[in-house]
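input05.pdb, holding PDB, C-alpha atoms:
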```pdb
ATOM      1  CA  MET A   1     -26.621  20.115  15.184  1.00  0.00           C
ATOM      2  CA  SER A   2     -26.945  17.187  17.586  1.00  0.00           C
ATOM      3  CA  GLU A   3     -24.378  16.437  20.274  1.00  0.00           C
ATOM      4  CA  GLN A   4     -23.268  13.344  18.355  1.00  0.00           C
ATOM      5  CA  GLU A   5     -22.784  15.395  15.172  1.00  0.00           C
ATOM      6  CA  GLU A   6     -20.790  17.998  17.107  1.00  0.00           C
ATOM      7  CA  GLN A   7     -18.547  15.280  18.594  1.00  0.00           C
ATOM      8  CA  LEU A   8     -17.985  13.797  15.145  1.00  0.00           C
ATOM      9  CA  GLU A   9     -17.153  17.210  13.723  1.00  0.00           C
ATOM     10  CA  GLN A  10     -14.662  17.894  16.535  1.00  0.00           C
ATOM     11  CA  ALA A  11     -13.054  14.481  16.032  1.00  0.00           C
ATOM     12  CA  LEU A  12     -12.734  15.103  12.296  1.00  0.00           C
ATOM     13  CA  ILE A  13     -11.212  18.535  12.898  1.00  0.00           C
ATOM     14  CA  ALA A  14      -8.662  16.919  15.237  1.00  0.00           C
ATOM     15  CA  LEU A  15      -7.940  14.244  12.597  1.00  0.00           C
ATOM     16  CA  ASP A  16      -7.460  16.909   9.929  1.00  0.00           C
ATOM     17  CA  GLU A  17      -5.065  18.845  12.165  1.00  0.00           C
ATOM     18  CA  ALA A  18      -3.027  15.741  13.040  1.00  0.00           C
ATOM     19  CA  TRP A  19      -2.957  14.588   9.401  1.00  0.00           C
ATOM     20  CA  GLY A  20      -1.883  18.055   8.236  1.00  0.00           C
ATOM     21  CA  GLU A  21       0.907  18.230  10.798  1.00  0.00           C
ATOM     22  CA  MET A  22       2.221  14.777   9.882  1.00  0.00           C
ATOM     23  CA  SER A  23       1.973  15.489   6.153  1.00  0.00           C
ATOM     24  CA  ARG A  24       3.840  18.788   6.506  1.00  0.00           C
ATOM     25  CA  GLN A  25       6.611  17.118   8.477  1.00  0.00           C
ATOM     26  CA  ILE A  26       7.022  14.296   5.940  1.00  0.00           C
ATOM     27  CA  ARG A  27       6.974  16.837   3.061  1.00  0.00           C
ATOM     28  CA  ASN A  28       9.669  18.884   4.819  1.00  0.00           C
ATOM     29  CA  ASP A  29      11.769  15.777   5.436  1.00  0.00           C
ATOM     30  CA  VAL A  30      11.411  14.696   1.808  1.00  0.00           C
ATOM     31  CA  LYS A  31      12.226  18.205   0.590  1.00  0.00           C
ATOM     32  CA  ASP A  32      15.571  17.991   2.389  1.00  0.00           C
ATOM     33  CA  TYR A  33      16.406  14.637   0.798  1.00  0.00           C
ATOM     34  CA  PRO A  34      18.350  14.847  -2.487  1.00  0.00           C
ATOM     35  CA  PHE A  35      15.835  13.225  -4.849  1.00  0.00           C
ATOM     36  CA  SER A  36      16.473  12.795  -8.511  1.00  0.00           C
ATOM     37  CA  VAL A  37      12.711  13.232  -9.049  1.00  0.00           C
ATOM     38  CA  PRO A  38      11.321  16.740  -8.615  1.00  0.00           C
ATOM     39  CA  PRO A  39       8.492  16.788  -6.063  1.00  0.00           C
ATOM     40  CA  GLY A  40       5.962  17.991  -8.629  1.00  0.00           C
ATOM     41  CA  GLN A  41       6.556  14.890 -10.758  1.00  0.00           C
ATOM     42  CA  VAL A  42       6.227  12.366  -7.941  1.00  0.00           C
ATOM     43  CA  TYR A  43       2.417  12.615  -7.958  1.00  0.00           C
ATOM     44  CA  LEU A  44       2.378  12.100 -11.744  1.00  0.00           C
ATOM     45  CA  LEU A  45       4.459   8.934 -11.352  1.00  0.00           C
ATOM     46  CA  ARG A  46       2.277   7.655  -8.512  1.00  0.00           C
ATOM     47  CA  LEU A  47      -0.877   8.302 -10.519  1.00  0.00           C
ATOM     48  CA  LEU A  48       0.433   6.517 -13.631  1.00  0.00           C
ATOM     49  CA  ASP A  49       1.624   3.611 -11.498  1.00  0.00           C
ATOM     50  CA  ARG A  50      -1.813   3.291  -9.928  1.00  0.00           C
ATOM     51  CA  VAL A  51      -4.068   3.793 -12.975  1.00  0.00           C
ATOM     52  CA  GLY A  52      -1.840   2.939 -15.947  1.00  0.00           C
ATOM     53  CA  ALA A  53      -1.387   4.802 -19.224  1.00  0.00           C
ATOM     54  CA  GLN A  54      -3.539   7.927 -19.535  1.00  0.00           C
ATOM     55  CA  ARG A  55      -4.526  10.453 -22.175  1.00  0.00           C
ATOM     56  CA  MET A  56      -3.257  13.967 -21.530  1.00  0.00           C
ATOM     57  CA  SER A  57      -6.784  15.294 -20.989  1.00  0.00           C
ATOM     58  CA  ASP A  58      -7.457  12.606 -18.365  1.00  0.00           C
ATOM     59  CA  LEU A  59      -4.154  13.344 -16.638  1.00  0.00           C
ATOM     60  CA  ALA A  60      -4.902  17.069 -16.547  1.00  0.00           C
ATOM     61  CA  GLU A  61      -8.269  16.372 -14.954  1.00  0.00           C
ATOM     62  CA  GLN A  62      -6.912  13.893 -12.393  1.00  0.00           C
ATOM     63  CA  LEU A  63      -3.986  16.154 -11.493  1.00  0.00           C
ATOM     64  CA  ASP A  64      -6.271  19.212 -11.392  1.00  0.00           C
ATOM     65  CA  LEU A  65      -4.084  21.044 -13.919  1.00  0.00           C
ATOM     66  CA  THR A  66      -4.790  22.981 -17.069  1.00  0.00           C
ATOM     67  CA  GLN A  67      -3.910  21.241 -20.339  1.00  0.00           C
ATOM     68  CA  GLY A  68      -0.885  23.540 -20.650  1.00  0.00           C
ATOM     69  CA  GLY A  69       0.270  22.886 -17.091  1.00  0.00           C
ATOM     70  CA  CYS A  70      -0.107  19.157 -17.592  1.00  0.00           C
ATOM     71  CA  SER A  71       1.832  19.305 -20.876  1.00  0.00           C
ATOM     72  CA  THR A  72       4.685  21.146 -19.151  1.00  0.00           C
ATOM     73  CA  LEU A  73       4.754  18.609 -16.312  1.00  0.00           C
ATOM     74  CA  VAL A  74       4.732  15.663 -18.731  1.00  0.00           C
ATOM     75  CA  ASP A  75       7.347  17.300 -21.011  1.00  0.00           C
ATOM     76  CA  ARG A  76       9.723  17.594 -18.057  1.00  0.00           C
ATOM     77  CA  ALA A  77       9.051  14.001 -16.989  1.00  0.00           C
ATOM     78  CA  VAL A  78       9.657  12.809 -20.577  1.00  0.00           C
ATOM     79  CA  ALA A  79      12.913  14.809 -20.720  1.00  0.00           C
ATOM     80  CA  GLY A  80      13.964  13.141 -17.460  1.00  0.00           C
ATOM     81  CA  GLY A  81      13.153   9.704 -18.869  1.00  0.00           C
ATOM     82  CA  LEU A  82      10.488   9.080 -16.224  1.00  0.00           C
ATOM     83  CA  VAL A  83       7.489   8.758 -18.553  1.00  0.00           C
ATOM     84  CA  GLU A  84       6.897   8.079 -22.227  1.00  0.00           C
ATOM     85  CA  ARG A  85       4.316   9.227 -24.731  1.00  0.00           C
ATOM     86  CA  ARG A  86       2.898   6.389 -26.812  1.00  0.00           C
ATOM     87  CA  ARG A  87       0.301   6.267 -29.571  1.00  0.00           C
ATOM     88  CA  ASP A  88      -2.796   4.300 -28.677  1.00  0.00           C
ATOM     89  CA  PRO A  89      -2.776   1.144 -30.844  1.00  0.00           C
ATOM     90  CA  GLU A  90      -6.583   1.276 -31.099  1.00  0.00           C
ATOM     91  CA  ASP A  91      -6.673   4.945 -32.197  1.00  0.00           C
ATOM     92  CA  ARG A  92      -3.399   6.350 -33.532  1.00  0.00           C
ATOM     93  CA  ARG A  93      -4.657   9.915 -33.011  1.00  0.00           C
ATOM     94  CA  VAL A  94      -4.630   9.405 -29.242  1.00  0.00           C
ATOM     95  CA  VAL A  95      -1.389   9.766 -27.303  1.00  0.00           C
ATOM     96  CA  ARG A  96      -1.133   8.115 -23.917  1.00  0.00           C
ATOM     97  CA  VAL A  97       1.395   8.894 -21.205  1.00  0.00           C
ATOM     98  CA  THR A  98       2.889   5.857 -19.521  1.00  0.00           C
ATOM     99  CA  LEU A  99       5.417   5.226 -16.795  1.00  0.00           C
ATOM    100  CA  SER A 100       8.847   4.228 -18.150  1.00  0.00           C
ATOM    101  CA  GLU A 101      11.057   1.615 -16.509  1.00  0.00           C
ATOM    102  CA  PRO A 102      13.409   4.338 -15.146  1.00  0.00           C
ATOM    103  CA  GLY A 103      10.275   6.091 -13.854  1.00  0.00           C
ATOM    104  CA  ARG A 104       9.215   2.903 -12.041  1.00  0.00           C
ATOM    105  CA  GLU A 105      12.671   2.620 -10.491  1.00  0.00           C
ATOM    106  CA  ALA A 106      12.684   6.280  -9.462  1.00  0.00           C
ATOM    107  CA  LEU A 107       9.227   5.924  -7.917  1.00  0.00           C
ATOM    108  CA  ALA A 108      10.341   2.828  -6.013  1.00  0.00           C
ATOM    109  CA  GLY A 109      13.267   4.847  -4.630  1.00  0.00           C
ATOM    110  CA  VAL A 110      10.999   7.706  -3.587  1.00  0.00           C
ATOM    111  CA  ARG A 111       8.651   5.261  -1.862  1.00  0.00           C
ATOM    112  CA  ARG A 112      11.532   3.620   0.027  1.00  0.00           C
ATOM    113  CA  VAL A 113      12.815   6.968   1.280  1.00  0.00           C
ATOM    114  CA  ARG A 114       9.319   8.137   2.277  1.00  0.00           C
ATOM    115  CA  ALA A 115       8.765   4.843   4.118  1.00  0.00           C
ATOM    116  CA  ARG A 116      12.025   5.329   6.011  1.00  0.00           C
ATOM    117  CA  LEU A 117      11.072   8.880   6.906  1.00  0.00           C
ATOM    118  CA  MET A 118       7.638   7.774   8.072  1.00  0.00           C
ATOM    119  CA  ALA A 119       9.259   5.010  10.112  1.00  0.00           C
ATOM    120  CA  ILE A 120      11.286   7.622  11.974  1.00  0.00           C
ATOM    121  CA  HIS A 121       8.075   9.361  13.001  1.00  0.00           C
ATOM    122  CA  LEU A 122       5.976   6.245  13.618  1.00  0.00           C
ATOM    123  CA  LYS A 123       8.536   3.995  15.300  1.00  0.00           C
ATOM    124  CA  ARG A 124       7.052   4.645  18.745  1.00  0.00           C
ATOM    125  CA  LEU A 125       3.763   3.038  17.728  1.00  0.00           C
ATOM    126  CA  GLU A 126       3.206  -0.651  18.378  1.00  0.00           C
ATOM    127  CA  PRO A 127       3.212  -2.943  15.298  1.00  0.00           C
ATOM    128  CA  ASP A 128      -0.513  -3.659  15.722  1.00  0.00           C
ATOM    129  CA  GLU A 129      -1.219   0.090  15.871  1.00  0.00           C
ATOM    130  CA  ILE A 130       0.641   0.575  12.585  1.00  0.00           C
ATOM    131  CA  THR A 131      -1.309  -2.316  11.047  1.00  0.00           C
ATOM    132  CA  ARG A 132      -4.605  -0.741  12.141  1.00  0.00           C
ATOM    133  CA  LEU A 133      -3.495   2.661  10.848  1.00  0.00           C
ATOM    134  CA  ILE A 134      -2.618   1.172   7.453  1.00  0.00           C
ATOM    135  CA  HIS A 135      -5.944  -0.649   7.289  1.00  0.00           C
ATOM    136  CA  LEU A 136      -7.904   2.497   8.116  1.00  0.00           C
ATOM    137  CA  PHE A 137      -6.028   4.631   5.573  1.00  0.00           C
ATOM    138  CA  GLU A 138      -6.406   2.014   2.838  1.00  0.00           C
ATOM    139  CA  ARG A 139     -10.114   1.686   3.582  1.00  0.00           C
ATOM    140  CA  THR A 140     -10.557   5.452   3.626  1.00  0.00           C
ATOM    141  CA  ALA A 141      -8.627   5.871   0.351  1.00  0.00           C
ATOM    142  CA  ALA A 142     -10.810   3.224  -1.291  1.00  0.00           C
ATOM    143  CA  LEU A 143     -13.962   5.018  -0.132  1.00  0.00           C
ATOM    144  CA  VAL A 144     -12.669   8.360  -1.383  1.00  0.00           C
ATOM    145  CA  ARG A 145     -11.814   6.867  -4.794  1.00  0.00           C
ATOM    146  CA  THR A 146     -15.328   5.463  -5.168  1.00  0.00           C
ATOM    147  CA  GLN A 147     -17.145   8.633  -4.058  1.00  0.00           C
ATOM    148  CA  PRO A 148     -15.374  11.681  -5.560  1.00  0.00           C
ATOM    149  CA  GLN A 149     -18.610  13.444  -6.511  1.00  0.00           C
ATOM    150  CA  ALA A 150     -20.214  12.830  -3.126  1.00  0.00           C
ATOM    151  CA  ILE A 151     -17.626  15.050  -1.475  1.00  0.00           C
ATOM    152  CA  ALA A 152     -18.343  18.088  -3.621  1.00  0.00           C
ATOM    153  CA  GLU A 153     -22.087  17.629  -3.194  1.00  0.00           C
ATOM    154  CA  SER A 154     -21.893  17.388   0.611  1.00  0.00           C
ATOM    155  CA  LEU A 155     -19.843  20.526   1.240  1.00  0.00           C
ATOM    156  CA  PRO A 156     -21.684  23.553   2.561  1.00  0.00           C
ATOM    157  CA  PRO A 157     -21.650  26.665   0.348  1.00  0.00           C
ATOM    158  CA  ALA A 158     -18.537  28.785   0.800  1.00  0.00           C
TER     159      ALA A 158
END
```

Could you rewrite the structure in this file as structure tokens?
Amino acid sequence: MSEQEEQLEQALIALDEAWGEMSRQIRNDVKDYPFSVPPGQVYLLRLLDRVGAQRMSDLAEQLDLTQGGCSTLVDRAVAGGLVERRRDPEDRRVVRVTLSEPGREALAGVRRVRARLMAIHLKRLEPDEITRLIHLFERTAALVRTQPQAIAESLPPA
């Protein structure tokens, strides 16, 4: 491994450690906040908000759950009024899960609280530093979304 590759690896390890520490702290802060949305359902709501209505099989794959686990998660979200199951107008055999209006409102509330909690931790950064951080995370997220297979292929064997 070249010196440049070693430096990059060390920088990425440091980034992973810092990201993990920040994520754990935000998760702990959120856990202590009295949400009406169970933490396990927040990711489902965020996913549906981002990608729109999904078939159960697609949701299970994107959430990395079994079909049964995904059904349980969706059943609970339906019971809470956060999502709805709807027949696909093009193929009535297909059922799609979609975000309900109460689910959108609940997700907006979760996002506001998370933003406030992040603000507590990031308030010592300068506004331009926060802007750069946002830009870098958005750019990184876009790259990750467009290259999901590349990650698995580039990992060394376990």

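If you measure from each of A:Ala53, A:Ala14, A:Val113, A:Leu107 to A:Val94 using all atoms listed in the file, the closest one turns out to be A:Ala53.
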
First collect every listed atom of stretch 46-56 of chain A; then fit an axis-aligned box around them, widen it by 4 Å on each side, and give centre and edge lengths in Å to one decimal, as AutoDock Vina command-line options.
```
--center_x -1.1 --center_y 8.5 --center_z -15.3 --size_x 14.8 --size_y 19.0 --size_z 21.7
```

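Here atom CA of A:Arg96 and atom CA of A:Met56 stand 6.7 Å from one another.
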
Can you tell me which residues surround A:Glu101 at a distance of at most 10 Å, considering all atoms listed in the file, apart from same-chain residues fewer than 4 positions away, and format the answer as number ranges by chain? A: 81-84, 105-107

Once you have the residues from the selection above, write them out as a PDB file, in the frame of the given file, restricted to C-alpha atoms.
```pdb
ATOM      1  CA  GLY A  81      13.153   9.704 -18.869  1.00  0.00           C
ATOM      2  CA  LEU A  82      10.488   9.080 -16.224  1.00  0.00           C
ATOM      3  CA  VAL A  83       7.489   8.758 -18.553  1.00  0.00           C
ATOM      4  CA  GLU A  84       6.897   8.079 -22.227  1.00  0.00           C
ATOM      5  CA  GLU A 105      12.671   2.620 -10.491  1.00  0.00           C
ATOM      6  CA  ALA A 106      12.684   6.280  -9.462  1.00  0.00           C
ATOM      7  CA  LEU A 107       9.227   5.924  -7.917  1.00  0.00           C
TER       8      LEU A 107
END
```

Exercise. Write out as a ChimeraX atom specification the residues lying within 12 Å of A:Ile120, counting only C-alpha atoms and excluding same-chain residues fewer than 6 positions away.
Key: /A:22,25-26,29,113-114

What does the distance from atom CA of A:Leu117 to atom CA of A:Arg27 come to in Å, to one decimal?
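Between atom CA of A:Leu117 and atom CA of A:Arg27 the gap is 9.7 Å.
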
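Using all atoms listed in the file for every distance, the candidate list A:Gly20, A:Gly109, A:Pro102, A:Pro38 yields A:Pro38 as the residue closest to A:Leu73.
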
Explicit residue set for the PyMOL selection byres ((chain A and resi 77) around 10), as a list in words:
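For this structure, the PyMOL selection byres ((chain A and resi 77) around 10) captures Val37, Pro38, Gly40, Gln41, Val42, Leu44, Leu45, Ser71, Thr72, Leu73, Val74, Asp75, Arg76, Val78, Ala79, Gly80, Gly81, Leu82, Val83, Glu84, Leu99, Ser100 and Gly103 of chain A.
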
Here atom CA of A:Ala141 and atom CA of A:Thr98 stand apart by 23.0 Å

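Distance check against A:Ala108 using all atoms listed in the file: of A:Arg93, A:Arg46, A:His135, A:Arg86, the minimum falls on A:Arg46.
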
*When the PyMOL selection byres ((chain A and resi 57) around 10) is applied to the file above, which residues end up in the set, as a list in words?*
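This file, filtered by the PyMOL selection byres ((chain A and resi 57) around 10), leaves Gln54, Arg55, Met56, Asp58, Leu59, Ala60, Glu61, Gln62, Leu63, Leu65, Thr66, Gln67, Cys70, Ser71, Val95 and Arg96 of chain A.
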
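Using only C-alpha atoms, the nearest neighbour of A:Val30 within the list A:Leu15, A:Val51, A:Ala115, A:Val97 is A:Ala115.
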
Item checked: Surrounding residues of A:Ile130 excluding itself and chain neighbours under 6 positions, 12 Å, only C-alpha atoms, as a ChimeraX atom specification -> /A:118-119,121-124,136-137

Write the selection just made, keeping C-alpha atoms, as a short mmCIF file (atom, residue, chain, number, x, y, z; two decimals), in the frame of the given file?
```cif
data_model
loop_
_atom_site.label_atom_id
_atom_site.label_comp_id
_atom_site.auth_asym_id
_atom_site.auth_seq_id
_atom_site.Cartn_x
_atom_site.Cartn_y
_atom_site.Cartn_z
CA MET A 118 7.64 7.77 8.07
CA ALA A 119 9.26 5.01 10.11
CA HIS A 121 8.07 9.36 13.00
CA LEU A 122 5.98 6.24 13.62
CA LYS A 123 8.54 4.00 15.30
CA ARG A 124 7.05 4.64 18.74
CA LEU A 136 -7.90 2.50 8.12
CA PHE A 137 -6.03 4.63 5.57
#
```
